[in-house]
file entry12.cif (mmCIF, N, CA and C atoms)
data_my_file
#
loop_
_atom_site.label_atom_id
_atom_site.label_comp_id
_atom_site.auth_asym_id
_atom_site.auth_seq_id
_atom_site.Cartn_x
_atom_site.Cartn_y
_atom_site.Cartn_z
N MET A 1 229.27 46.25 -46.85
CA MET A 1 230.16 45.59 -47.78
C MET A 1 229.41 45.10 -49.03
N LEU A 2 228.19 44.62 -48.84
CA LEU A 2 227.41 44.13 -49.97
C LEU A 2 226.46 45.19 -50.53
N GLN A 3 226.55 46.40 -50.03
CA GLN A 3 225.66 47.48 -50.44
C GLN A 3 225.72 47.77 -51.95
N PRO A 4 226.89 47.73 -52.61
CA PRO A 4 226.91 48.00 -54.06
C PRO A 4 226.16 46.96 -54.90
N TYR A 5 225.97 45.76 -54.35
CA TYR A 5 225.31 44.70 -55.11
C TYR A 5 223.80 44.70 -54.94
N LEU A 6 223.27 45.53 -54.08
CA LEU A 6 221.83 45.56 -53.82
C LEU A 6 221.01 45.87 -55.08
N PRO A 7 221.37 46.85 -55.91
CA PRO A 7 220.57 47.07 -57.14
C PRO A 7 220.60 45.87 -58.09
N LEU A 8 221.74 45.20 -58.17
CA LEU A 8 221.83 44.03 -59.04
C LEU A 8 220.94 42.90 -58.53
N VAL A 9 220.94 42.67 -57.22
CA VAL A 9 220.10 41.63 -56.64
C VAL A 9 218.63 41.97 -56.83
N LEU A 10 218.27 43.23 -56.64
CA LEU A 10 216.88 43.64 -56.85
C LEU A 10 216.46 43.47 -58.31
N MET A 11 217.33 43.81 -59.23
CA MET A 11 217.01 43.65 -60.65
C MET A 11 216.84 42.17 -61.01
N MET A 12 217.70 41.32 -60.47
CA MET A 12 217.57 39.88 -60.73
C MET A 12 216.29 39.33 -60.12
N ALA A 13 215.91 39.79 -58.92
CA ALA A 13 214.67 39.35 -58.30
C ALA A 13 213.47 39.82 -59.11
N LEU A 14 213.51 41.04 -59.60
CA LEU A 14 212.43 41.56 -60.43
C LEU A 14 212.31 40.77 -61.73
N ALA A 15 213.43 40.45 -62.35
CA ALA A 15 213.42 39.66 -63.59
C ALA A 15 212.87 38.26 -63.33
N GLY A 16 213.28 37.65 -62.24
CA GLY A 16 212.76 36.32 -61.90
C GLY A 16 211.27 36.34 -61.62
N ALA A 17 210.80 37.37 -60.89
CA ALA A 17 209.37 37.48 -60.61
C ALA A 17 208.58 37.70 -61.89
N PHE A 18 209.09 38.52 -62.81
CA PHE A 18 208.42 38.73 -64.08
C PHE A 18 208.36 37.45 -64.90
N ALA A 19 209.45 36.69 -64.94
CA ALA A 19 209.47 35.43 -65.68
C ALA A 19 208.47 34.44 -65.08
N PHE A 20 208.46 34.32 -63.76
CA PHE A 20 207.54 33.40 -63.10
C PHE A 20 206.09 33.82 -63.36
N PHE A 21 205.80 35.12 -63.24
CA PHE A 21 204.45 35.61 -63.48
C PHE A 21 204.02 35.37 -64.93
N SER A 22 204.92 35.57 -65.88
CA SER A 22 204.59 35.38 -67.29
C SER A 22 204.26 33.92 -67.58
N VAL A 23 205.06 33.02 -67.05
CA VAL A 23 204.83 31.59 -67.30
C VAL A 23 203.57 31.12 -66.58
N ALA A 24 203.34 31.60 -65.37
CA ALA A 24 202.18 31.15 -64.60
C ALA A 24 200.88 31.71 -65.16
N SER A 25 200.88 32.90 -65.72
CA SER A 25 199.64 33.50 -66.20
C SER A 25 199.34 33.17 -67.67
N ALA A 26 200.28 32.65 -68.41
CA ALA A 26 200.07 32.39 -69.83
C ALA A 26 198.91 31.42 -70.11
N PRO A 27 198.78 30.31 -69.40
CA PRO A 27 197.66 29.41 -69.72
C PRO A 27 196.29 30.02 -69.46
N HIS A 28 196.23 31.01 -68.60
CA HIS A 28 194.94 31.59 -68.23
C HIS A 28 194.56 32.80 -69.08
N THR A 29 195.50 33.41 -69.77
CA THR A 29 195.21 34.64 -70.49
C THR A 29 195.14 34.47 -72.01
N GLY A 30 195.79 33.49 -72.58
CA GLY A 30 195.84 33.35 -74.03
C GLY A 30 194.64 32.63 -74.59
N PRO A 31 194.38 32.82 -75.89
CA PRO A 31 193.27 32.10 -76.53
C PRO A 31 193.61 30.62 -76.69
N ARG A 32 192.59 29.81 -76.65
CA ARG A 32 192.80 28.36 -76.76
C ARG A 32 192.17 27.86 -78.06
N ARG A 33 192.79 28.22 -79.17
CA ARG A 33 192.32 27.78 -80.48
C ARG A 33 193.38 26.87 -81.08
N TYR A 34 193.28 25.59 -80.83
CA TYR A 34 194.25 24.65 -81.35
C TYR A 34 193.78 24.13 -82.69
N ASN A 35 194.73 23.94 -83.59
CA ASN A 35 194.43 23.31 -84.87
C ASN A 35 195.60 22.41 -85.22
N ARG A 36 195.47 21.74 -86.34
CA ARG A 36 196.48 20.75 -86.72
C ARG A 36 197.86 21.40 -86.94
N ALA A 37 197.87 22.59 -87.53
CA ALA A 37 199.14 23.26 -87.82
C ALA A 37 199.88 23.64 -86.54
N LYS A 38 199.15 24.04 -85.52
CA LYS A 38 199.79 24.41 -84.26
C LYS A 38 200.34 23.21 -83.51
N LEU A 39 199.74 22.05 -83.71
CA LEU A 39 200.17 20.86 -82.98
C LEU A 39 201.27 20.09 -83.70
N ASP A 40 201.55 20.44 -84.96
CA ASP A 40 202.62 19.76 -85.70
C ASP A 40 203.99 20.22 -85.22
N ALA A 41 204.97 19.37 -85.46
CA ALA A 41 206.35 19.72 -85.12
C ALA A 41 206.86 20.75 -86.12
N TYR A 42 207.65 21.70 -85.64
CA TYR A 42 208.21 22.74 -86.50
C TYR A 42 209.65 22.39 -86.82
N GLU A 43 209.97 22.31 -88.11
CA GLU A 43 211.30 21.91 -88.52
C GLU A 43 211.94 22.95 -89.42
N CYS A 44 212.07 24.17 -88.94
CA CYS A 44 212.77 25.23 -89.65
C CYS A 44 212.20 25.51 -91.04
N GLY A 45 210.91 25.47 -91.19
CA GLY A 45 210.30 25.78 -92.46
C GLY A 45 210.18 24.61 -93.40
N ILE A 46 210.74 23.48 -93.05
CA ILE A 46 210.64 22.29 -93.90
C ILE A 46 209.36 21.56 -93.51
N GLU A 47 208.62 21.11 -94.49
CA GLU A 47 207.41 20.35 -94.20
C GLU A 47 207.79 19.07 -93.47
N PRO A 48 207.18 18.81 -92.32
CA PRO A 48 207.53 17.59 -91.60
C PRO A 48 207.09 16.36 -92.38
N SER A 49 207.95 15.36 -92.40
CA SER A 49 207.64 14.13 -93.12
C SER A 49 207.20 13.07 -92.11
N PRO A 50 206.31 12.17 -92.54
CA PRO A 50 205.86 11.14 -91.60
C PRO A 50 206.95 10.13 -91.26
N HIS A 51 207.90 9.98 -92.17
CA HIS A 51 208.98 9.02 -91.94
C HIS A 51 210.32 9.77 -91.93
N PRO A 52 211.23 9.35 -91.08
CA PRO A 52 212.54 10.04 -91.08
C PRO A 52 213.30 9.76 -92.37
N VAL A 53 214.08 10.73 -92.77
CA VAL A 53 214.88 10.59 -93.98
C VAL A 53 216.15 9.82 -93.61
N VAL A 54 216.23 8.58 -94.08
CA VAL A 54 217.40 7.76 -93.80
C VAL A 54 217.94 7.28 -95.14
N GLY A 55 218.82 8.03 -95.71
CA GLY A 55 219.46 7.63 -96.95
C GLY A 55 218.57 7.73 -98.18
N GLY A 56 217.27 7.96 -98.01
CA GLY A 56 216.37 7.99 -99.14
C GLY A 56 216.31 9.34 -99.83
N GLY A 57 216.59 10.41 -99.10
CA GLY A 57 216.51 11.73 -99.68
C GLY A 57 217.60 12.62 -99.11
N ARG A 58 217.74 13.77 -99.70
CA ARG A 58 218.78 14.69 -99.23
C ARG A 58 218.15 15.76 -98.37
N MET A 59 218.74 16.01 -97.24
CA MET A 59 218.29 17.10 -96.37
C MET A 59 219.02 18.37 -96.79
N PRO A 60 218.30 19.48 -96.91
CA PRO A 60 218.99 20.73 -97.27
C PRO A 60 219.87 21.20 -96.11
N VAL A 61 221.10 21.49 -96.42
CA VAL A 61 222.05 21.90 -95.39
C VAL A 61 222.18 23.40 -95.28
N ALA A 62 221.41 24.14 -96.05
CA ALA A 62 221.52 25.61 -96.02
C ALA A 62 221.18 26.16 -94.65
N TYR A 63 220.23 25.54 -93.97
CA TYR A 63 219.87 26.01 -92.64
C TYR A 63 221.03 25.82 -91.66
N TYR A 64 221.65 24.69 -91.72
CA TYR A 64 222.73 24.38 -90.80
C TYR A 64 223.97 25.22 -91.10
N LEU A 65 224.24 25.45 -92.38
CA LEU A 65 225.38 26.28 -92.76
C LEU A 65 225.17 27.71 -92.29
N THR A 66 223.96 28.21 -92.43
CA THR A 66 223.67 29.56 -91.95
C THR A 66 223.83 29.64 -90.45
N ALA A 67 223.39 28.63 -89.74
CA ALA A 67 223.54 28.62 -88.28
C ALA A 67 225.01 28.59 -87.88
N MET A 68 225.82 27.81 -88.58
CA MET A 68 227.24 27.75 -88.25
C MET A 68 227.93 29.07 -88.56
N LEU A 69 227.55 29.72 -89.65
CA LEU A 69 228.12 31.03 -89.96
C LEU A 69 227.72 32.06 -88.92
N PHE A 70 226.47 31.99 -88.46
CA PHE A 70 226.04 32.90 -87.40
C PHE A 70 226.86 32.69 -86.14
N ILE A 71 227.09 31.44 -85.77
CA ILE A 71 227.91 31.16 -84.58
C ILE A 71 229.33 31.65 -84.78
N LEU A 72 229.89 31.47 -85.97
CA LEU A 72 231.25 31.93 -86.26
C LEU A 72 231.37 33.43 -86.06
N PHE A 73 230.45 34.20 -86.63
CA PHE A 73 230.53 35.66 -86.51
C PHE A 73 230.11 36.14 -85.12
N ASP A 74 229.30 35.36 -84.44
CA ASP A 74 228.96 35.70 -83.06
C ASP A 74 230.18 35.54 -82.16
N ILE A 75 230.93 34.48 -82.37
CA ILE A 75 232.16 34.28 -81.60
C ILE A 75 233.18 35.35 -81.94
N GLU A 76 233.21 35.77 -83.20
CA GLU A 76 234.12 36.86 -83.58
C GLU A 76 233.78 38.13 -82.80
N THR A 77 232.51 38.41 -82.66
CA THR A 77 232.09 39.57 -81.89
C THR A 77 232.50 39.45 -80.43
N VAL A 78 232.38 38.26 -79.89
CA VAL A 78 232.78 38.03 -78.50
C VAL A 78 234.27 38.29 -78.33
N PHE A 79 235.07 37.95 -79.31
CA PHE A 79 236.50 38.20 -79.21
C PHE A 79 236.87 39.65 -79.52
N LEU A 80 236.06 40.33 -80.30
CA LEU A 80 236.35 41.73 -80.62
C LEU A 80 236.02 42.67 -79.47
N TYR A 81 235.07 42.32 -78.64
CA TYR A 81 234.66 43.21 -77.55
C TYR A 81 235.79 43.48 -76.55
N PRO A 82 236.51 42.47 -76.05
CA PRO A 82 237.61 42.79 -75.13
C PRO A 82 238.70 43.63 -75.79
N PHE A 83 238.92 43.43 -77.08
CA PHE A 83 239.91 44.25 -77.77
C PHE A 83 239.47 45.71 -77.77
N ALA A 84 238.19 45.95 -78.04
CA ALA A 84 237.68 47.31 -78.08
C ALA A 84 237.81 47.99 -76.72
N VAL A 85 237.68 47.22 -75.66
CA VAL A 85 237.76 47.79 -74.31
C VAL A 85 239.21 48.16 -73.97
N THR A 86 240.16 47.32 -74.37
CA THR A 86 241.56 47.54 -73.99
C THR A 86 242.44 47.93 -75.18
N ALA A 87 241.88 48.58 -76.18
CA ALA A 87 242.65 48.90 -77.39
C ALA A 87 243.82 49.83 -77.09
N ASP A 88 243.64 50.78 -76.19
CA ASP A 88 244.72 51.74 -75.90
C ASP A 88 245.92 51.07 -75.25
N SER A 89 245.66 50.15 -74.34
CA SER A 89 246.79 49.54 -73.62
C SER A 89 247.51 48.48 -74.45
N LEU A 90 246.88 47.93 -75.48
CA LEU A 90 247.53 46.90 -76.29
C LEU A 90 248.48 47.49 -77.32
N GLY A 91 248.18 48.68 -77.79
CA GLY A 91 249.08 49.34 -78.73
C GLY A 91 249.12 48.69 -80.09
N LEU A 92 250.29 48.78 -80.71
CA LEU A 92 250.47 48.26 -82.07
C LEU A 92 250.35 46.74 -82.12
N PHE A 93 250.83 46.06 -81.08
CA PHE A 93 250.73 44.59 -81.04
C PHE A 93 249.26 44.15 -81.11
N GLY A 94 248.40 44.80 -80.33
CA GLY A 94 246.98 44.46 -80.35
C GLY A 94 246.34 44.74 -81.69
N LEU A 95 246.74 45.84 -82.30
CA LEU A 95 246.19 46.18 -83.61
C LEU A 95 246.56 45.14 -84.66
N VAL A 96 247.82 44.71 -84.66
CA VAL A 96 248.26 43.69 -85.62
C VAL A 96 247.52 42.38 -85.37
N GLU A 97 247.37 41.98 -84.12
CA GLU A 97 246.68 40.74 -83.80
C GLU A 97 245.22 40.78 -84.22
N ILE A 98 244.54 41.89 -83.98
CA ILE A 98 243.13 41.96 -84.32
C ILE A 98 242.94 42.02 -85.83
N VAL A 99 243.86 42.66 -86.56
CA VAL A 99 243.79 42.67 -88.02
C VAL A 99 243.99 41.25 -88.56
N LEU A 100 244.92 40.50 -88.00
CA LEU A 100 245.11 39.10 -88.41
C LEU A 100 243.87 38.26 -88.11
N PHE A 101 243.26 38.50 -86.96
CA PHE A 101 242.06 37.76 -86.59
C PHE A 101 240.91 38.06 -87.56
N ILE A 102 240.70 39.33 -87.86
CA ILE A 102 239.62 39.71 -88.78
C ILE A 102 239.92 39.19 -90.19
N ALA A 103 241.17 39.21 -90.59
CA ALA A 103 241.54 38.68 -91.91
C ALA A 103 241.27 37.18 -92.00
N THR A 104 241.57 36.45 -90.93
CA THR A 104 241.30 35.01 -90.93
C THR A 104 239.82 34.73 -91.06
N VAL A 105 239.00 35.43 -90.28
CA VAL A 105 237.55 35.24 -90.37
C VAL A 105 237.05 35.72 -91.73
N GLY A 106 237.62 36.78 -92.25
CA GLY A 106 237.23 37.27 -93.57
C GLY A 106 237.54 36.27 -94.67
N PHE A 107 238.70 35.61 -94.59
CA PHE A 107 239.03 34.58 -95.57
C PHE A 107 238.04 33.43 -95.51
N ALA A 108 237.64 33.05 -94.30
CA ALA A 108 236.64 31.98 -94.17
C ALA A 108 235.32 32.40 -94.79
N TYR A 109 234.93 33.65 -94.58
CA TYR A 109 233.68 34.15 -95.15
C TYR A 109 233.75 34.16 -96.68
N VAL A 110 234.84 34.64 -97.23
CA VAL A 110 234.99 34.67 -98.69
C VAL A 110 235.00 33.26 -99.26
N TYR A 111 235.63 32.32 -98.57
CA TYR A 111 235.67 30.93 -99.02
C TYR A 111 234.25 30.35 -99.09
N VAL A 112 233.46 30.57 -98.05
CA VAL A 112 232.09 30.06 -98.05
C VAL A 112 231.27 30.76 -99.13
N TRP A 113 231.48 32.04 -99.30
CA TRP A 113 230.75 32.80 -100.31
C TRP A 113 231.08 32.29 -101.71
N ARG A 114 232.36 32.09 -102.00
CA ARG A 114 232.78 31.63 -103.33
C ARG A 114 232.32 30.20 -103.62
N ARG A 115 232.23 29.38 -102.59
CA ARG A 115 231.78 27.99 -102.77
C ARG A 115 230.26 27.89 -102.93
N GLY A 116 229.55 29.01 -102.78
CA GLY A 116 228.09 29.01 -102.95
C GLY A 116 227.34 28.65 -101.69
N GLY A 117 227.97 28.74 -100.55
CA GLY A 117 227.32 28.39 -99.30
C GLY A 117 226.25 29.38 -98.87
N LEU A 118 226.23 30.56 -99.46
CA LEU A 118 225.24 31.56 -99.09
C LEU A 118 224.10 31.67 -100.10
N ASP A 119 224.13 30.85 -101.16
CA ASP A 119 223.07 30.85 -102.16
C ASP A 119 221.92 29.97 -101.69
N TRP A 120 220.71 30.53 -101.70
CA TRP A 120 219.54 29.79 -101.23
C TRP A 120 218.68 29.29 -102.38
N ASN A 121 219.22 29.21 -103.55
CA ASN A 121 218.41 28.75 -104.71
C ASN A 121 218.49 27.27 -104.87
#
call {"tool": "encode", "arguments": {"input": "entry12.cif", "output": "structure tokens"}}
result
Amino acid sequence: MLQPYLPLVLMMALAGAFAFFSVASAPHTGPRRYNRAKLDAYECGIEPSPHPVVGGGRMPVAYYLTAMLFILFDIETVFLYPFAVTADSLGLFGLVEIVLFIATVGFAYVYVWRRGGLDWN
């Protein structure tokens, strides 16, 4: 009864063993050349400041806007995949719904583009 799941279980066990081996062997195989730059906190390309910015300066929001746009289009892809699988059975209704969905996301993209949300200057 569980015979069809045996390859999946073996693949998961192999992946887990590889992950465990990689994590366990990393401290012993890599070079140990630490410097100040490697020990500093990484903040998405922004130079880390010694004091937190609290009302004194403006944080650039381009990074966060790009991340939100990536999530938006990633979710769009997640919703488009089931449509692609069942496109034949949905017929004209499915086609109209997916066109409306893509148009809505497209309007959001054009709005952000026109407002300058994609300009990095």
call {"tool": "residues_around", "arguments": {"input": "entry12.cif", "residues": "Ala67 in chain A", "least_positions_apart": "5", "cutoff": "12 Å", "atoms": "only C-alpha atoms", "output": "list in words"}}
result
Cys44, Val61, Ala62, Leu72, Phe73, Asp74, Gly117 and Leu118 of chain A
call {"tool": "atom_distance", "arguments": {"input": "entry12.cif", "atom1": "CA of Gly106 in chain A", "atom2": "CA of Thr77 in chain A"}}
result
13.0 Å
call {"tool": "atom_distance", "arguments": {"input": "entry12.cif", "atom1": "CA of Ala17 in chain A", "atom2": "CA of Thr29 in chain A"}}
result
17.5 Å
call {"tool": "axis_aligned_box", "arguments": {"input": "entry12.cif", "around": "range 88-100 of chain A", "padding_each_side": "6 Å", "output": "JSON"}}
result
{"center_x": 246.9, "center_y": 45.0, "center_z": -81.1, "size_x": 19.9, "size_y": 25.5, "size_z": 26.9}
call {"tool": "atom_distance", "arguments": {"input": "entry12.cif", "atom1": "CA of Phe20 in chain A", "atom2": "CA of Leu8 in chain A"}}
result
18.3 Å
